[in-house]
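Visitor: Okay, so here is entry14.pdb, and as you'll see once you scroll down, it has PDB, C-alpha atoms.
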MODEL        1
ATOM      1  CA  MET A   1      75.131   2.804  22.263
ATOM      2  CA  GLN A   2      73.796   3.689  25.697
ATOM      3  CA  VAL A   3      73.572   7.344  24.677
ATOM      4  CA  ASN A   4      71.467   6.495  21.603
ATOM      5  CA  THR A   5      69.141   4.376  23.687
ATOM      6  CA  ASN A   6      68.645   7.147  26.216
ATOM      7  CA  ARG A   7      68.031   9.658  23.450
ATOM      8  CA  PHE A   8      65.438   7.391  21.800
ATOM      9  CA  THR A   9      63.695   6.853  25.128
ATOM     10  CA  THR A  10      63.689  10.589  25.835
ATOM     11  CA  ASN A  11      62.259  11.411  22.391
ATOM     12  CA  LEU A  12      59.593   8.713  22.769
ATOM     13  CA  PHE A  13      58.490  10.099  26.122
ATOM     14  CA  ASN A  14      58.435  13.616  24.676
ATOM     15  CA  VAL A  15      56.212  12.503  21.776
ATOM     16  CA  LEU A  16      53.897  10.588  24.087
ATOM     17  CA  GLU A  17      53.740  13.580  26.406
ATOM     18  CA  GLN A  18      52.793  15.854  23.531
ATOM     19  CA  TYR A  19      50.061  13.457  22.394
ATOM     20  CA  TRP A  20      48.831  13.180  25.970
ATOM     21  CA  GLU A  21      48.675  16.945  26.329
ATOM     22  CA  GLN A  22      46.801  17.196  23.035
ATOM     23  CA  PHE A  23      44.401  14.471  24.172
ATOM     24  CA  ILE A  24      43.811  16.269  27.480
ATOM     25  CA  PHE A  25      43.214  19.481  25.539
ATOM     26  CA  VAL A  26      40.773  17.787  23.125
ATOM     27  CA  LEU A  27      39.098  15.603  25.783
ATOM     28  CA  PRO A  28      36.459  18.195  26.805
ATOM     29  CA  ARG A  29      35.642  18.809  23.151
ATOM     30  CA  LEU A  30      35.458  15.066  22.527
ATOM     31  CA  GLY A  31      33.036  14.709  25.423
ATOM     32  CA  ILE A  32      30.911  17.547  24.087
ATOM     33  CA  ALA A  33      30.979  15.980  20.594
ATOM     34  CA  ILE A  34      29.818  12.622  21.985
ATOM     35  CA  LEU A  35      27.110  14.443  23.932
ATOM     36  CA  ILE A  36      26.013  16.222  20.725
ATOM     37  CA  LEU A  37      25.760  12.897  18.896
ATOM     38  CA  LEU A  38      23.742  11.319  21.707
ATOM     39  CA  VAL A  39      21.383  14.300  21.865
ATOM     40  CA  THR A  40      21.085  14.288  18.079
ATOM     41  CA  PHE A  41      20.141  10.606  17.883
ATOM     42  CA  LEU A  42      17.729  11.023  20.792
ATOM     43  CA  LEU A  43      16.177  14.131  19.239
ATOM     44  CA  ALA A  44      15.844  12.478  15.817
ATOM     45  CA  SER A  45      14.144   9.431  17.339
ATOM     46  CA  GLN A  46      11.800  11.535  19.478
ATOM     47  CA  VAL A  47      10.833  13.800  16.576
ATOM     48  CA  LYS A  48      10.010  10.788  14.403
ATOM     49  CA  LYS A  49       8.109   9.130  17.249
ATOM     50  CA  ILE A  50       6.037  12.242  18.006
ATOM     51  CA  VAL A  51       5.253  12.832  14.331
ATOM     52  CA  ASP A  52       4.330   9.181  13.710
ATOM     53  CA  ASN A  53       2.176   8.745  16.829
ATOM     54  CA  ARG A  54       0.622  12.190  17.350
ATOM     55  CA  VAL A  55       0.743  14.230  14.161
ATOM     56  CA  ALA A  56       0.241  11.594  11.446
ATOM     57  CA  PRO A  57      -3.023  10.079  12.806
ATOM     58  CA  HIS A  58      -4.688  13.521  12.751
ATOM     59  CA  ALA A  59      -3.186  14.738   9.480
ATOM     60  CA  GLN A  60      -5.209  14.976   6.290
ATOM     61  CA  ASN A  61      -2.524  12.960   4.508
ATOM     62  CA  PRO A  62      -0.738  10.748   7.092
ATOM     63  CA  LEU A  63       1.363   9.057   4.414
ATOM     64  CA  SER A  64       3.202  12.275   3.503
ATOM     65  CA  VAL A  65       3.740  13.096   7.192
ATOM     66  CA  LEU A  66       5.268   9.662   7.839
ATOM     67  CA  PHE A  67       7.532   9.998   4.807
ATOM     68  CA  VAL A  68       8.724  13.470   5.841
ATOM     69  CA  SER A  69       9.423  12.228   9.387
ATOM     70  CA  LYS A  70      11.828   9.625   7.985
ATOM     71  CA  VAL A  71      13.624  12.286   5.947
ATOM     72  CA  ALA A  72      13.721  14.645   8.949
ATOM     73  CA  LYS A  73      15.318  11.970  11.130
ATOM     74  CA  ILE A  74      18.146  11.415   8.631
ATOM     75  CA  THR A  75      18.639  15.178   8.221
ATOM     76  CA  ILE A  76      18.905  15.744  11.990
ATOM     77  CA  VAL A  77      21.486  12.949  12.314
ATOM     78  CA  ILE A  78      23.627  14.421   9.503
ATOM     79  CA  ILE A  79      23.511  17.904  11.061
ATOM     80  CA  GLY A  80      24.503  16.445  14.447
ATOM     81  CA  LEU A  81      27.449  14.608  12.893
ATOM     82  CA  LEU A  82      28.730  17.807  11.245
ATOM     83  CA  LEU A  83      28.394  19.738  14.524
ATOM     84  CA  ALA A  84      30.293  17.001  16.386
ATOM     85  CA  LEU A  85      33.153  17.144  13.872
ATOM     86  CA  GLN A  86      33.381  20.927  14.193
ATOM     87  CA  THR A  87      33.347  20.696  17.998
ATOM     88  CA  ILE A  88      36.321  18.311  18.022
ATOM     89  CA  GLY A  89      38.187  20.708  15.807
ATOM     90  CA  LEU A  90      37.817  18.805  12.562
ATOM     91  CA  THR A  91      36.306  21.820  10.851
ATOM     92  CA  GLY A  92      38.214  20.983   7.691
ATOM     93  CA  VAL A  93      36.657  17.537   7.569
ATOM     94  CA  ALA A  94      33.139  18.935   8.060
ATOM     95  CA  GLY A  95      33.760  21.620   5.455
ATOM     96  CA  GLY A  96      35.210  19.055   3.119
ATOM     97  CA  LEU A  97      32.115  16.928   3.466
ATOM     98  CA  LEU A  98      29.905  19.888   2.612
ATOM     99  CA  ALA A  99      32.160  21.093  -0.190
ATOM    100  CA  GLY A 100      32.413  17.633  -1.660
ATOM    101  CA  ALA A 101      28.688  17.032  -1.454
ATOM    102  CA  GLY A 102      28.158  18.322  -4.970
ATOM    103  CA  VAL A 103      30.927  16.193  -6.457
ATOM    104  CA  SER A 104      29.812  13.197  -4.402
ATOM    105  CA  ALA A 105      26.248  13.638  -5.508
ATOM    106  CA  PHE A 106      27.412  13.735  -9.126
ATOM    107  CA  ILE A 107      29.481  10.556  -8.754
ATOM    108  CA  ILE A 108      26.960   8.715  -6.601
ATOM    109  CA  GLY A 109      24.181   9.782  -8.934
ATOM    110  CA  PHE A 110      25.539   7.469 -11.614
ATOM    111  CA  ALA A 111      26.267   4.615  -9.228
ATOM    112  CA  PHE A 112      22.920   4.848  -7.425
ATOM    113  CA  LYS A 113      20.665   6.342 -10.078
ATOM    114  CA  ASP A 114      17.719   4.110  -9.160
ATOM    115  CA  ILE A 115      17.993   4.963  -5.450
ATOM    116  CA  GLY A 116      17.917   8.695  -6.145
ATOM    117  CA  GLU A 117      15.071   8.304  -8.623
ATOM    118  CA  ASN A 118      12.988   6.294  -6.145
ATOM    119  CA  PHE A 119      13.742   8.766  -3.341
ATOM    120  CA  LEU A 120      12.508  11.726  -5.419
ATOM    121  CA  ALA A 121       9.504   9.686  -6.572
ATOM    122  CA  GLY A 122       8.712   9.040  -2.903
ATOM    123  CA  PHE A 123       8.640  12.797  -2.268
ATOM    124  CA  ILE A 124       6.241  13.329  -5.171
ATOM    125  CA  LEU A 125       3.979  10.482  -4.054
ATOM    126  CA  ALA A 126       3.989  11.758  -0.463
ATOM    127  CA  PHE A 127       2.770  15.236  -1.401
ATOM    128  CA  ASN A 128       0.701  14.338  -4.464
ATOM    129  CA  ALA A 129      -1.181  11.833  -2.244
ATOM    130  CA  PRO A 130      -2.825   9.448  -4.744
ATOM    131  CA  PHE A 131      -3.325   7.063  -1.810
ATOM    132  CA  LYS A 132      -2.960   6.831   1.962
ATOM    133  CA  VAL A 133      -2.133   4.090   4.434
ATOM    134  CA  GLY A 134      -4.856   1.425   4.370
ATOM    135  CA  ASP A 135      -6.186   2.260   0.887
ATOM    136  CA  ALA A 136      -6.745  -0.632  -1.490
ATOM    137  CA  ILE A 137      -4.928   0.173  -4.723
ATOM    138  CA  LYS A 138      -3.958  -1.497  -7.960
ATOM    139  CA  VAL A 139      -0.481  -0.906  -9.428
ATOM    140  CA  GLY A 140       0.245  -2.941 -12.530
ATOM    141  CA  GLU A 141      -0.471  -6.581 -11.724
ATOM    142  CA  TYR A 142      -0.539  -6.031  -7.955
ATOM    143  CA  ARG A 143      -3.611  -5.336  -5.808
ATOM    144  CA  GLY A 144      -3.479  -4.767  -2.081
ATOM    145  CA  HIS A 145      -3.588  -2.411   0.881
ATOM    146  CA  VAL A 146      -0.963   0.323   1.306
ATOM    147  CA  VAL A 147       1.151  -0.413   4.393
ATOM    148  CA  SER A 148       3.783   2.322   4.132
ATOM    149  CA  LEU A 149       5.669   4.663   1.816
ATOM    150  CA  ASN A 150       9.390   4.165   2.392
ATOM    151  CA  MET A 151      12.435   6.034   1.110
ATOM    152  CA  ARG A 152      12.808   3.670  -1.841
ATOM    153  CA  THR A 153       9.693   1.498  -2.068
ATOM    154  CA  THR A 154       5.934   1.420  -1.533
ATOM    155  CA  HIS A 155       4.891  -1.476   0.699
ATOM    156  CA  LEU A 156       1.688  -3.307  -0.292
ATOM    157  CA  LYS A 157      -0.056  -6.149   1.536
ATOM    158  CA  THR A 158      -1.854  -8.076  -1.218
ATOM    159  CA  PHE A 159      -5.284  -9.623  -0.710
ATOM    160  CA  ASP A 160      -3.650 -13.051  -0.384
ATOM    161  CA  THR A 161      -1.462 -11.602   2.445
ATOM    162  CA  MET A 162       1.778 -11.372   0.476
ATOM    163  CA  ASP A 163       4.133  -8.422   1.103
ATOM    164  CA  VAL A 164       5.096  -6.613  -2.103
ATOM    165  CA  TYR A 165       7.639  -3.778  -2.228
ATOM    166  CA  ILE A 166       7.240  -1.749  -5.428
ATOM    167  CA  PRO A 167       9.897   0.847  -6.328
ATOM    168  CA  ASN A 168       8.496   4.356  -5.886
ATOM    169  CA  ALA A 169       9.536   5.308  -9.408
ATOM    170  CA  THR A 170       7.503   2.402 -10.783
ATOM    171  CA  VAL A 171       4.453   3.501  -8.796
ATOM    172  CA  LEU A 172       4.874   7.087  -9.982
ATOM    173  CA  LYS A 173       5.134   6.074 -13.637
ATOM    174  CA  SER A 174       2.347   3.479 -13.506
ATOM    175  CA  GLU A 175      -1.408   3.887 -13.633
ATOM    176  CA  VAL A 176      -2.577   3.722 -10.012
ATOM    177  CA  THR A 177      -6.190   2.731  -9.303
ATOM    178  CA  ASN A 178      -7.381   3.672  -5.811
ATOM    179  CA  MET A 179     -10.350   1.438  -5.071
ATOM    180  CA  THR A 180     -11.253   2.887  -1.656
ATOM    181  CA  GLN A 181     -10.290   6.568  -1.798
ATOM    182  CA  ASP A 182     -13.818   7.818  -1.082
ATOM    183  CA  ASN A 183     -14.765   4.738   1.015
ATOM    184  CA  LEU A 184     -17.328   3.745  -1.620
ATOM    185  CA  ILE A 185     -17.258   0.545  -3.632
ATOM    186  CA  ARG A 186     -19.755  -0.183  -6.405
ATOM    187  CA  LEU A 187     -20.479  -3.850  -6.927
ATOM    188  CA  ASP A 188     -22.666  -5.624  -9.483
ATOM    189  CA  PHE A 189     -23.897  -9.089 -10.366
ATOM    190  CA  LEU A 190     -25.998 -10.763 -13.044
ATOM    191  CA  VAL A 191     -29.237 -12.702 -12.480
ATOM    192  CA  GLY A 192     -31.316 -14.472 -15.126
ATOM    193  CA  ILE A 193     -35.104 -14.933 -14.916
ATOM    194  CA  ASP A 194     -37.510 -16.975 -17.024
ATOM    195  CA  TYR A 195     -38.961 -15.474 -20.237
ATOM    196  CA  SER A 196     -42.463 -15.974 -18.844
ATOM    197  CA  ASP A 197     -41.739 -13.804 -15.782
ATOM    198  CA  ASP A 198     -42.617 -10.113 -15.592
ATOM    199  CA  VAL A 199     -39.352  -8.209 -15.936
ATOM    200  CA  ASP A 200     -40.537  -4.953 -14.344
ATOM    201  CA  THR A 201     -41.794  -6.733 -11.240
ATOM    202  CA  ALA A 202     -38.566  -8.722 -10.978
ATOM    203  CA  GLU A 203     -36.456  -5.565 -11.265
ATOM    204  CA  GLN A 204     -38.388  -3.807  -8.510
ATOM    205  CA  LEU A 205     -38.145  -6.876  -6.273
ATOM    206  CA  ILE A 206     -34.353  -7.038  -6.775
ATOM    207  CA  ILE A 207     -33.967  -3.341  -5.906
ATOM    208  CA  ASP A 208     -36.141  -3.638  -2.783
ATOM    209  CA  THR A 209     -34.240  -6.731  -1.648
ATOM    210  CA  MET A 210     -30.830  -5.100  -2.096
ATOM    211  CA  LYS A 211     -31.933  -2.091  -0.015
ATOM    212  CA  GLU A 212     -32.870  -4.409   2.858
ATOM    213  CA  VAL A 213     -29.276  -5.670   3.199
ATOM    214  CA  LEU A 214     -27.660  -3.683   6.003
ATOM    215  CA  GLU A 215     -24.324  -3.047   4.264
ATOM    216  CA  VAL A 216     -25.954  -1.654   1.082
ATOM    217  CA  LEU A 217     -25.943   2.164   1.121
ATOM    218  CA  PRO A 218     -29.144   4.128   0.487
ATOM    219  CA  GLN A 219     -27.091   6.689  -1.446
ATOM    220  CA  PRO A 220     -25.954   6.294  -4.164
ATOM    221  CA  GLU A 221     -29.160   4.382  -4.791
ATOM    222  CA  ALA A 222     -29.084   0.786  -6.010
ATOM    223  CA  PHE A 223     -30.460   0.176  -9.499
ATOM    224  CA  VAL A 224     -30.872  -2.538 -12.129
ATOM    225  CA  VAL A 225     -30.796  -2.738 -15.928
ATOM    226  CA  THR A 226     -32.085  -5.395 -18.292
ATOM    227  CA  GLU A 227     -28.847  -6.325 -19.976
ATOM    228  CA  GLU A 228     -29.448  -9.204 -22.339
ATOM    229  CA  LEU A 229     -32.003 -11.543 -23.885
ATOM    230  CA  ALA A 230     -29.969 -14.708 -23.531
ATOM    231  CA  THR A 231     -30.775 -18.148 -24.897
ATOM    232  CA  ASN A 232     -32.700 -19.330 -21.855
ATOM    233  CA  THR A 233     -33.056 -16.274 -19.604
ATOM    234  CA  VAL A 234     -33.681 -12.555 -19.469
ATOM    235  CA  ASN A 235     -30.498 -11.305 -17.815
ATOM    236  CA  ILE A 236     -30.754  -8.440 -15.322
ATOM    237  CA  ARG A 237     -27.640  -6.765 -13.927
ATOM    238  CA  ALA A 238     -27.929  -5.283 -10.446
ATOM    239  CA  PHE A 239     -25.739  -2.459  -9.121
ATOM    240  CA  PHE A 240     -25.281  -1.306  -5.518
ATOM    241  CA  TRP A 241     -22.797   0.574  -3.333
ATOM    242  CA  THR A 242     -21.302  -0.351   0.017
ATOM    243  CA  ASP A 243     -19.298   1.740   2.476
ATOM    244  CA  THR A 244     -16.135  -0.093   3.414
ATOM    245  CA  ASP A 245     -12.403   0.529   3.651
ATOM    246  CA  ASP A 246     -11.754  -3.145   3.052
ATOM    247  CA  TYR A 247     -11.991  -3.880  -0.661
ATOM    248  CA  LYS A 248     -11.460  -7.597  -0.099
ATOM    249  CA  ARG A 249     -14.332  -7.835   2.399
ATOM    250  CA  GLY A 250     -16.573  -5.749   0.159
ATOM    251  CA  ILE A 251     -16.046  -8.151  -2.720
ATOM    252  CA  LEU A 252     -16.289 -11.427  -0.850
ATOM    253  CA  ASP A 253     -18.763 -10.754   1.950
ATOM    254  CA  VAL A 254     -21.259  -8.015   1.089
ATOM    255  CA  LYS A 255     -21.707  -9.123  -2.502
ATOM    256  CA  GLY A 256     -22.364 -12.683  -1.355
ATOM    257  CA  GLN A 257     -25.003 -11.511   1.136
ATOM    258  CA  VAL A 258     -26.834  -9.509  -1.537
ATOM    259  CA  ILE A 259     -26.793 -12.352  -4.082
ATOM    260  CA  LYS A 260     -28.199 -14.830  -1.541
ATOM    261  CA  ALA A 261     -30.930 -12.378  -0.503
ATOM    262  CA  VAL A 262     -31.952 -11.708  -4.123
ATOM    263  CA  LYS A 263     -32.023 -15.427  -4.978
ATOM    264  CA  LYS A 264     -34.223 -16.194  -1.974
ATOM    265  CA  ALA A 265     -36.609 -13.307  -2.755
ATOM    266  CA  LEU A 266     -37.024 -14.310  -6.412
ATOM    267  CA  LEU A 267     -37.701 -17.940  -5.619
ATOM    268  CA  THR A 268     -40.080 -17.059  -2.772
ATOM    269  CA  ASN A 269     -42.113 -14.823  -5.079
ATOM    270  CA  GLY A 270     -42.435 -17.467  -7.794
ATOM    271  CA  PHE A 271     -39.816 -16.251 -10.270
ATOM    272  CA  GLY A 272     -37.978 -18.920 -12.208
ATOM    273  CA  LEU A 273     -34.196 -19.102 -12.392
ATOM    274  CA  PRO A 274     -33.786 -21.428 -15.383
ATOM    275  CA  ALA A 275     -30.800 -23.672 -15.805
ATOM    276  CA  ASN A 276     -28.796 -23.654 -19.008
ATOM    277  CA  ILE A 277     -30.883 -25.638 -21.514
ATOM    278  CA  GLN A 278     -29.269 -27.075 -24.648
ATOM    279  CA  GLU A 279     -31.195 -27.797 -27.848
ATOM    280  CA  LEU A 280     -30.298 -30.869 -29.918
ATOM    281  CA  LYS A 281     -30.926 -30.819 -33.675
ATOM    282  CA  THR A 282     -30.588 -33.569 -36.245
ATOM    283  CA  TYR A 283     -30.076 -32.663 -39.855
ATOM    284  CA  GLN A 284     -30.993 -36.062 -41.334
ATOM    285  CA  ASP A 285     -34.503 -37.450 -41.803
ATOM    286  CA  MET A 286     -34.205 -40.243 -39.299
ATOM    287  CA  PRO A 287     -36.154 -41.105 -36.155
ATOM    288  CA  LEU A 288     -34.688 -40.324 -32.750
ATOM    289  CA  ALA A 289     -35.466 -42.766 -29.979
ATOM    290  CA  VAL A 290     -36.415 -41.209 -26.641
ATOM    291  CA  GLN A 291     -36.746 -43.290 -23.498
ATOM    292  CA  ILE A 292     -38.594 -41.873 -20.491
ATOM    293  CA  LYS A 293     -37.881 -43.518 -17.184
ATOM    294  CA  GLU A 294     -40.580 -43.208 -14.565
ATOM    295  CA  ASN A 295     -39.689 -43.114 -10.902
ATOM    296  CA  LYS A 296     -41.845 -45.640  -9.076
ATOM    297  CA  PRO A 297     -42.596 -44.981  -5.417
ATOM    298  CA  SER A 298     -40.819 -47.387  -3.124
TER     299      SER A 298
ENDMDL
END
Take the structure in this file and express it as structure tokens.
Guide:
Amino acid sequence: MQVNTNRFTTNLFNVLEQYWEQFIFVLPRLGIAILILLVTFLLASQVKKIVDNRVAPHAQNPLSVLFVSKVAKITIVIIGLLLALQTIGLTGVAGGLLAGAGVSAFIIGFAFKDIGENFLAGFILAFNAPFKVGDAIKVGEYRGHVVSLNMRTTHLKTFDTMDVYIPNATVLKSEVTNMTQDNLIRLDFLVGIDYSDDVDTAEQLIIDTMKEVLEVLPQPEAFVVTEELATNTVNIRAFFWTDTDDYKRGILDVKGQVIKAVKKALLTNGFGLPANIQELKTYQDMPLAVQIKENKPS
């Protein structure tokens, strides 16, 4: 019994000694592998930081640069992981990962079809560049400013300050309206004048008044059209352009300034802005009593 115990103890020490020797042999490689991973993560972060802060602001299409920087960061990390595995001596594992990439992609493709579709759609959107960060766009029922193009979604900040994340594939397949791509927004409004007023004079007054508003651009030039002979008014529609990146402000602020200026100018120059008048008809031969109440001075 004592002999068996001694033999077991001796074998255990021999095994532990072999593992210790292997650990001492691998320890430098393990240290180098950890160093590779640290350098890789640091390099990936620095590359993304430099691209985001220095390259993207000066690029013609910052959105594509930001998207590529995210992909580059992930690629650098994967390469660093494979190098670390090879340094430790796990070449078979690294090779197996590369060799199995095709099979994995095939299997994962079914499980994560939407993720892959949105990722590829993000690439197309990044380089096709139908919009950039800050543009006001319309996608389906959503309207808002583009915040970012991520690996899977497009981030919009709607005009009522809600955050909407639309799958890239949905954006790619949908009709996208970019409302601020050329920094020009055309706005219009309708104004009705009295039938007794001179239409040509009113049109010229509206155009001159719109041009006096600071935010209205001289080019393209503002213009008006007589749109309709309504029941009580001659309706004139006015068109003008404003230079703004903020679609919400252009709609709410500049348009309001122009309408107030036109109303004041028309009234000041004696033009009538009739209210909606309704006509009452009776189809029976019977008298209609009308009572007129006079306001007596107090």
Visitor: For Glu221 in chain A, list every protein, DNA or RNA residue within 8 Å, evaluated using all atoms listed in the file, and leave out those in the same chain fewer than 2 positions away; present the list as a list in words.
Guide: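 Neighbouring residues, sequence-local ones excluded: Leu217, Pro218, Gln219, Phe223, Phe240 and Trp241 of chain A.
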Visitor: Quick check on the file I pasted: which residues fall under the PyMOL selection byres ((chain A and resi 146-157) around 6)? Write them as a CSV table (one decimal) with C-alpha atoms, keeping the file's coordinate frame.
Guide:
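The resulting file, selection37.csv, is reproduced below:
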chain,number,residue,atom,x,y,z
A,118,ASN,CA,13.0,6.3,-6.1
A,119,PHE,CA,13.7,8.8,-3.3
A,133,VAL,CA,-2.1,4.1,4.4
A,134,GLY,CA,-4.9,1.4,4.4
A,135,ASP,CA,-6.2,2.3,0.9
A,144,GLY,CA,-3.5,-4.8,-2.1
A,145,HIS,CA,-3.6,-2.4,0.9
A,158,THR,CA,-1.9,-8.1,-1.2
A,161,THR,CA,-1.5,-11.6,2.4
A,162,MET,CA,1.8,-11.4,0.5
A,163,ASP,CA,4.1,-8.4,1.1
A,164,VAL,CA,5.1,-6.6,-2.1
A,165,TYR,CA,7.6,-3.8,-2.2
A,166,ILE,CA,7.2,-1.7,-5.4
A,167,PRO,CA,9.9,0.8,-6.3
A,168,ASN,CA,8.5,4.4,-5.9
Visitor: Considering all atoms listed in the file, can you say which of A:Gln257, A:Thr226, A:Thr231, A:Thr244 comes closest to Met210 in chain A?
Guide: A:Gln257
Visitor: Where does the PyMOL selection byres ((chain A and resi 124) around 12) land in this file, that is, which residues does it pick, as a list in words?
Guide: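 Expected selection for the PyMOL selection byres ((chain A and resi 124) around 12) here is Leu63, Ser64, Phe67, Val68, Glu117, Asn118, Phe119, Leu120, Ala121, Gly122, Phe123, Leu125, Ala126, Phe127, Asn128, Ala129, Pro130, Phe131, Leu149, Met151, Asn168, Ala169, Val171, Leu172 and Lys173 of chain A.
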Visitor: Between CA of Leu190 in chain A and CA of Ala222 in chain A, what distance in Å does the model show, to one decimal?
Guide: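 These atoms are spaced 13.9 Å apart.
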Visitor: CA of Asn232 in chain A and CA of Lys260 in chain A, how far apart in Å?
Guide: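 Computing the Euclidean distance for CA of Lys260 in chain A and CA of Asn232 in chain A yields 21.3 Å.
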